[in-house]
$ cat structure.csv   # CSV, C-alpha atoms
chain,number,residue,atom,x,y,z
E,1,MET,CA,-57.4,24.7,-28.4
E,2,PHE,CA,-54.8,22.6,-30.2
E,3,LYS,CA,-52.1,24.4,-28.2
E,4,LEU,CA,-53.8,23.5,-24.9
E,5,ILE,CA,-54.1,19.8,-26.0
E,6,SER,CA,-50.4,19.8,-27.0
E,7,ILE,CA,-49.4,21.2,-23.6
E,8,LEU,CA,-51.6,18.6,-21.8
E,9,LEU,CA,-50.2,15.7,-23.7
E,10,ARG,CA,-46.6,16.9,-22.9
E,11,GLY,CA,-47.6,17.2,-19.3
E,12,ARG,CA,-49.0,13.7,-19.2
E,13,ALA,CA,-45.9,12.3,-21.0
E,14,HIS,CA,-43.7,14.0,-18.4
E,15,ASP,CA,-45.7,12.6,-15.5
E,16,ALA,CA,-45.6,9.1,-17.1
E,17,GLU,CA,-41.8,9.4,-17.5
E,18,GLN,CA,-41.4,10.6,-13.9
E,19,ALA,CA,-43.6,7.7,-12.6
E,20,PHE,CA,-41.6,5.2,-14.6
E,21,ALA,CA,-38.3,6.6,-13.3
E,22,ASP,CA,-39.6,6.5,-9.7
E,23,ARG,CA,-40.7,2.8,-10.1
E,24,HIS,CA,-37.3,1.9,-11.4
E,25,ALA,CA,-35.2,4.4,-9.5
E,26,VAL,CA,-32.7,1.8,-8.0
E,27,PRO,CA,-31.8,0.0,-11.2
E,28,LEU,CA,-31.6,3.4,-13.0
E,29,LEU,CA,-29.3,4.7,-10.3
E,30,SER,CA,-27.1,1.6,-10.6
E,31,GLN,CA,-26.7,2.0,-14.3
E,32,GLN,CA,-26.0,5.7,-14.0
E,33,ILE,CA,-23.3,4.9,-11.4
E,34,ARG,CA,-21.8,2.3,-13.8
E,35,ASP,CA,-21.7,4.8,-16.6
E,36,ALA,CA,-20.1,7.4,-14.3
E,37,ALA,CA,-17.5,4.8,-13.2
E,38,GLN,CA,-16.6,4.1,-16.8
E,39,SER,CA,-16.2,7.8,-17.5
E,40,ILE,CA,-13.9,8.2,-14.5
E,41,GLN,CA,-11.9,5.2,-15.7
E,42,SER,CA,-11.5,6.8,-19.1
E,43,ALA,CA,-10.4,10.1,-17.4
E,44,ARG,CA,-7.8,8.1,-15.4
E,45,ARG,CA,-6.4,6.7,-18.6
E,46,SER,CA,-6.3,10.2,-20.1
E,47,VAL,CA,-4.3,11.4,-17.1
E,48,ALA,CA,-1.9,8.4,-17.4
E,49,VAL,CA,-1.4,9.2,-21.1
E,50,ALA,CA,-0.7,12.9,-20.4
E,51,ILE,CA,1.8,11.9,-17.7
E,52,ALA,CA,3.6,9.5,-20.1
E,53,GLN,CA,3.7,12.2,-22.8
E,54,ASN,CA,5.1,14.7,-20.3
E,55,GLU,CA,7.8,12.3,-19.2
E,56,GLN,CA,8.7,11.7,-22.9
E,57,GLU,CA,8.9,15.5,-23.4
E,58,LYS,CA,11.2,15.7,-20.4
E,59,GLY,CA,13.5,13.1,-21.9
E,60,GLN,CA,13.6,15.0,-25.2
E,61,HIS,CA,14.3,18.2,-23.4
E,62,ALA,CA,17.2,16.6,-21.5
E,63,THR,CA,18.6,15.4,-24.9
E,64,ILE,CA,18.4,18.9,-26.4
E,65,VAL,CA,20.1,20.5,-23.4
E,66,ALA,CA,22.9,18.0,-23.6
E,67,ARG,CA,23.4,18.6,-27.4
E,68,ILE,CA,23.4,22.4,-26.8
E,69,ALA,CA,26.2,22.0,-24.2
E,70,ASP,CA,28.2,19.7,-26.4
E,71,LEU,CA,27.9,22.1,-29.4
E,72,GLU,CA,28.9,25.1,-27.3
E,73,VAL,CA,32.1,23.3,-26.3
E,74,ARG,CA,32.9,22.4,-29.8
E,75,ALA,CA,32.1,25.8,-31.2
E,76,SER,CA,34.3,27.4,-28.6
E,77,ALA,CA,37.1,25.1,-29.7
E,78,ALA,CA,36.6,26.0,-33.3
E,79,LEU,CA,36.8,29.7,-32.5
E,80,THR,CA,39.9,29.2,-30.5
E,81,LYS,CA,41.5,27.6,-33.5
E,82,GLY,CA,40.3,30.4,-35.8
E,83,ASN,CA,37.7,28.3,-37.7
E,84,GLU,CA,34.9,30.9,-37.5
E,85,GLY,CA,32.9,29.3,-40.4
E,86,LEU,CA,32.6,26.0,-38.6
E,87,ALA,CA,31.9,27.9,-35.4
E,88,ARG,CA,29.0,29.8,-37.1
E,89,GLU,CA,27.4,26.5,-38.3
E,90,ALA,CA,27.6,25.3,-34.7
E,91,ALA,CA,26.0,28.6,-33.5
E,92,GLU,CA,23.1,28.2,-36.0
E,93,ALA,CA,22.5,24.6,-34.7
E,94,ILE,CA,22.6,25.9,-31.1
E,95,ALA,CA,20.1,28.6,-31.9
E,96,TYR,CA,17.8,26.0,-33.5
E,97,LEU,CA,18.1,23.7,-30.5
E,98,GLU,CA,17.6,26.6,-28.1
E,99,ALA,CA,14.2,27.3,-29.8
E,100,GLU,CA,13.4,23.6,-29.5
E,101,ARG,CA,14.4,23.7,-25.8
E,102,ASP,CA,12.2,26.7,-25.1
E,103,ALA,CA,9.2,25.0,-26.9
E,104,SER,CA,9.8,21.9,-24.9
E,105,GLU,CA,9.8,23.8,-21.6
E,106,LYS,CA,6.6,25.5,-22.6
E,107,ALA,CA,5.0,22.2,-23.5
E,108,GLN,CA,6.1,20.7,-20.2
E,109,ALA,CA,4.5,23.6,-18.3
E,110,GLN,CA,1.3,23.1,-20.2
E,111,PHE,CA,1.4,19.4,-19.6
E,112,THR,CA,2.0,19.9,-15.9
E,113,SER,CA,-0.9,22.4,-15.6
E,114,ALA,CA,-3.3,20.1,-17.5
E,115,ILE,CA,-2.2,17.1,-15.5
E,116,ASP,CA,-2.8,18.8,-12.2
E,117,LYS,CA,-6.2,20.0,-13.3
E,118,LEU,CA,-7.2,16.5,-14.6
E,119,LYS,CA,-6.0,14.9,-11.4
E,120,GLY,CA,-8.2,17.3,-9.4
E,121,ILE,CA,-11.2,16.5,-11.5
E,122,VAL,CA,-10.6,12.8,-11.2
E,123,ARG,CA,-10.2,13.0,-7.4
E,124,ALA,CA,-13.4,15.0,-7.0
E,125,SER,CA,-15.3,12.6,-9.4
E,126,GLU,CA,-14.0,9.6,-7.5
E,127,ALA,CA,-15.2,11.1,-4.2
E,128,ARG,CA,-18.7,11.8,-5.7
E,129,LEU,CA,-18.8,8.3,-7.1
E,130,GLN,CA,-18.0,6.7,-3.7
E,131,GLU,CA,-20.7,8.7,-2.1
E,132,LEU,CA,-23.2,7.6,-4.8
E,133,GLN,CA,-22.1,4.0,-4.3
E,134,ARG,CA,-22.8,4.3,-0.6
E,135,GLY,CA,-26.1,5.9,-1.4
E,136,GLU,CA,-27.0,3.1,-3.8
E,137,ARG,CA,-26.2,0.4,-1.1
E,138,LEU,CA,-28.4,2.3,1.4
E,139,ALA,CA,-31.2,2.7,-1.2
E,140,ARG,CA,-31.1,-1.1,-1.9
E,141,ALA,CA,-31.2,-1.9,1.8
E,142,THR,CA,-34.1,0.5,2.4
E,143,GLN,CA,-36.0,-1.0,-0.6
E,144,GLU,CA,-35.6,-4.5,0.7
E,145,ALA,CA,-36.6,-3.5,4.2
E,146,GLN,CA,-39.7,-1.8,2.8
E,147,LYS,CA,-40.6,-4.9,0.9
E,148,LEU,CA,-40.2,-6.9,4.2
E,149,ASP,CA,-42.3,-4.4,6.0
E,150,VAL,CA,-45.0,-4.7,3.5
E,151,ALA,CA,-44.9,-8.5,3.6
E,152,VAL,CA,-45.0,-8.5,7.4
E,153,SER,CA,-47.8,-6.0,7.5
E,154,GLY,CA,-49.8,-8.1,5.1
E,155,PRO,CA,-50.2,-11.8,5.0
E,156,GLY,CA,-46.7,-12.2,6.4
E,157,LEU,CA,-47.9,-10.9,9.8
E,158,ALA,CA,-50.4,-13.8,10.2
E,159,THR,CA,-47.6,-16.2,9.3
E,160,LEU,CA,-45.4,-14.8,12.0
E,161,ASP,CA,-48.1,-15.1,14.6
E,162,ASP,CA,-48.8,-18.7,13.6
E,163,ALA,CA,-45.1,-19.5,13.8
E,164,GLU,CA,-44.8,-18.0,17.3
E,165,GLU,CA,-47.8,-20.0,18.5
E,166,THR,CA,-46.3,-23.2,17.0
E,167,LEU,CA,-43.0,-22.5,18.8
E,168,ALA,CA,-44.8,-21.9,22.1
E,169,ARG,CA,-46.7,-25.2,21.8
E,170,LEU,CA,-43.5,-27.0,20.9
E,171,ARG,CA,-41.6,-25.7,23.9
E,172,LEU,CA,-44.5,-26.6,26.2
E,173,ARG,CA,-44.7,-30.1,24.8
E,174,GLN,CA,-40.9,-30.5,25.2
E,175,SER,CA,-41.1,-29.3,28.8
E,176,GLN,CA,-43.9,-31.7,29.6
E,177,ASN,CA,-42.0,-34.6,28.0
E,178,GLU,CA,-38.9,-33.8,30.1
E,179,LEU,CA,-41.0,-33.7,33.3
E,180,THR,CA,-42.7,-36.9,32.4
E,181,ALA,CA,-39.4,-38.7,31.8
E,182,ALA,CA,-38.0,-37.5,35.1
E,183,ALA,CA,-41.1,-38.7,37.0
E,184,LEU,CA,-40.9,-42.1,35.3
E,185,LYS,CA,-37.2,-42.4,36.3
E,186,ASP,CA,-38.0,-41.6,39.9
E,187,MET,CA,-40.8,-44.1,39.9
E,188,GLU,CA,-38.7,-46.8,38.4
E,189,GLY,CA,-36.0,-46.2,41.0
E,190,ALA,CA,-38.5,-46.4,43.8
E,191,ILE,CA,-40.1,-49.6,42.6
E,192,ARG,CA,-36.9,-51.6,41.7
E,193,PRO,CA,-35.4,-53.5,44.7
E,194,ALA,CA,-31.9,-52.4,43.6
E,195,GLY,CA,-33.0,-48.8,43.7
E,196,ILE,CA,-34.4,-49.3,47.3
E,197,ILE,CA,-31.2,-51.0,48.4
E,198,GLU,CA,-29.1,-48.2,47.0
E,199,LYS,CA,-31.2,-45.6,48.8
E,200,LEU,CA,-30.8,-47.5,52.1
E,201,ALA,CA,-27.0,-47.9,51.7
E,202,ASN,CA,-26.6,-44.2,50.9
E,203,ALA,CA,-28.6,-43.4,54.0
E,204,GLY,CA,-26.1,-45.5,56.1
E,205,PHE,CA,-28.3,-48.5,56.7
E,206,GLY,CA,-26.2,-51.6,56.1
E,207,ALA,CA,-23.0,-52.1,54.2
E,208,PRO,CA,-22.1,-49.6,51.5
E,209,LEU,CA,-22.5,-50.8,47.9
E,210,ARG,CA,-19.4,-49.0,46.7
E,211,SER,CA,-16.0,-48.5,48.3
E,212,SER,CA,-15.2,-45.0,49.5
E,213,ALA,CA,-12.0,-43.1,48.9
E,214,ASP,CA,-11.0,-43.8,52.5
E,215,ASP,CA,-11.6,-47.6,52.0
E,216,VAL,CA,-9.4,-47.6,48.9
E,217,LEU,CA,-6.6,-45.7,50.7
E,218,ALA,CA,-6.7,-48.0,53.7
E,219,ARG,CA,-6.4,-51.0,51.4
E,220,LEU,CA,-3.4,-49.6,49.6
E,221,LYS,CA,-1.7,-48.7,52.9
E,222,SER,CA,-2.2,-52.3,54.1
E,223,ARG,CA,-0.3,-53.6,51.1
E,224,ILE,CA,2.7,-51.6,51.8
E,225,THR,CA,5.3,-53.8,53.7
E,226,PRO,CA,6.8,-51.8,56.6
E,227,ALA,CA,10.5,-51.0,56.1
E,228,ALA,CA,12.9,-53.3,58.1
$ encode --input "structure.csv" --output "structure tokens"
Amino acid sequence: MFKLISILLRGRAHDAEQAFADRHAVPLLSQQIRDAAQSIQSARRSVAVAIAQNEQEKGQHATIVARIADLEVRASAALTKGNEGLAREAAEAIAYLEAERDASEKAQAQFTSAIDKLKGIVRASEARLQELQRGERLARATQEAQKLDVAVSGPGLATLDDAEETLARLRLRQSQNELTAAALKDMEGAIRPAGIIEKLANAGFGAPLRSSADDVLARLKSRITPAA
């Protein structure tokens, strides 16, 4: 009996944990992405350190190779002059440096292999991180859209309906106001004597109220004194 109760409690705790994670999935995802980004940044630094150490090893290797070459020249000169004791000391130093050279080359090979492997891991992790970041943005957008959908489906839908009705009434009232203003203007023009005179003049009854382009052109021509 106790075993069954223990299993049931664990099951309920698991369900509660899953429900909590589901309710807070987006912020949980954001934090997990931030943690992953920090880990990738640390990996990048590790790669940079490994590259720097490898470059340092290459520099030491070049120095060793140069010393070996120099010692070989000097040892050969000592042998030529019959100083075999000094030449032996040089040979011992050369043997030591050659061991250092070989160890350096081995270390460089290990560095190069490790660096290539680390670079591959970082590149793959960066690609996965970018995909997660895109997924996070989509999840946030979906969450906000779902909130809007819930709001519109609930009380927000009535608010939208009311707003549409208000806009329709506003447009109708504005249209009526414009028609009223136009009718008043026509009526004022018809009632005012000046308006009637303008209508008659435009219809060709009586002298025109304004000069036409032809009248202005004729007047300008009349001012021109004919050439002698």
$ closest_residue --input "structure.csv" --among "E:Val73, E:Ala78, E:Ala145, E:Ile40" --to "Ser125 (chain E)" --atoms "all atoms listed in the file"
E:Ile40
$ closest_atom_pairs --input "structure.csv" --of "region 86-158 of chain E" --to "region 24-35 of chain E" --cutoff "10 Å" --atoms "all atoms listed in the file" --output "JSON lines"
{"residue": "E:Leu129", "atom": "CA", "partner": "E:Ile33", "partner_atom": "CA", "distance": 7.1}
{"residue": "E:Gln130", "atom": "CA", "partner": "E:Ile33", "partner_atom": "CA", "distance": 9.5}
{"residue": "E:Leu132", "atom": "CA", "partner": "E:Ile33", "partner_atom": "CA", "distance": 7.1}
{"residue": "E:Gln133", "atom": "CA", "partner": "E:Ile33", "partner_atom": "CA", "distance": 7.3}
{"residue": "E:Gly135", "atom": "CA", "partner": "E:Leu29", "partner_atom": "CA", "distance": 9.5}
{"residue": "E:Glu136", "atom": "CA", "partner": "E:Ser30", "partner_atom": "CA", "distance": 7.0}
{"residue": "E:Arg137", "atom": "CA", "partner": "E:Val26", "partner_atom": "CA", "distance": 9.6}
{"residue": "E:Ala139", "atom": "CA", "partner": "E:Val26", "partner_atom": "CA", "distance": 7.0}
{"residue": "E:Arg140", "atom": "CA", "partner": "E:Val26", "partner_atom": "CA", "distance": 6.9}
{"residue": "E:Gln143", "atom": "CA", "partner": "E:Val26", "partner_atom": "CA", "distance": 8.6}
$ write_last_selection --input "structure.csv" --atoms "C-alpha atoms" --output "CSV table (one decimal), in the coordinates of the input"
chain,number,residue,atom,x,y,z
E,129,LEU,CA,-18.8,8.3,-7.1
E,130,GLN,CA,-18.0,6.7,-3.7
E,132,LEU,CA,-23.2,7.6,-4.8
E,133,GLN,CA,-22.1,4.0,-4.3
E,135,GLY,CA,-26.1,5.9,-1.4
E,136,GLU,CA,-27.0,3.1,-3.8
E,137,ARG,CA,-26.2,0.4,-1.1
E,139,ALA,CA,-31.2,2.7,-1.2
E,140,ARG,CA,-31.1,-1.1,-1.9
E,143,GLN,CA,-36.0,-1.0,-0.6
$ atom_distance --input "structure.csv" --atom1 "CA of Ala93 (chain E)" --atom2 "CA of Thr112 (chain E)"
28.2 Å
$ residues_near_point --input "structure.csv" --point "(0.3, 16.3, -16.6)" --cutoff "9 Å" --atoms "all atoms listed in the file" --output "ChimeraX atom specification"
/E:47-55,108-119
$ atom_distance --input "structure.csv" --atom1 "CA of Leu86 (chain E)" --atom2 "CA of Glu72 (chain E)"
11.9 Å
$ atom_distance --input "structure.csv" --atom1 "CA of Ala99 (chain E)" --atom2 "CA of Lys58 (chain E)"
15.2 Å
$ residues_around --input "structure.csv" --residues "Ser104 (chain E)" --least-positions-apart "4" --cutoff "7 Å" --atoms "all atoms listed in the file" --output "PyMOL selection string"
chain E and resi 57+61+100+108
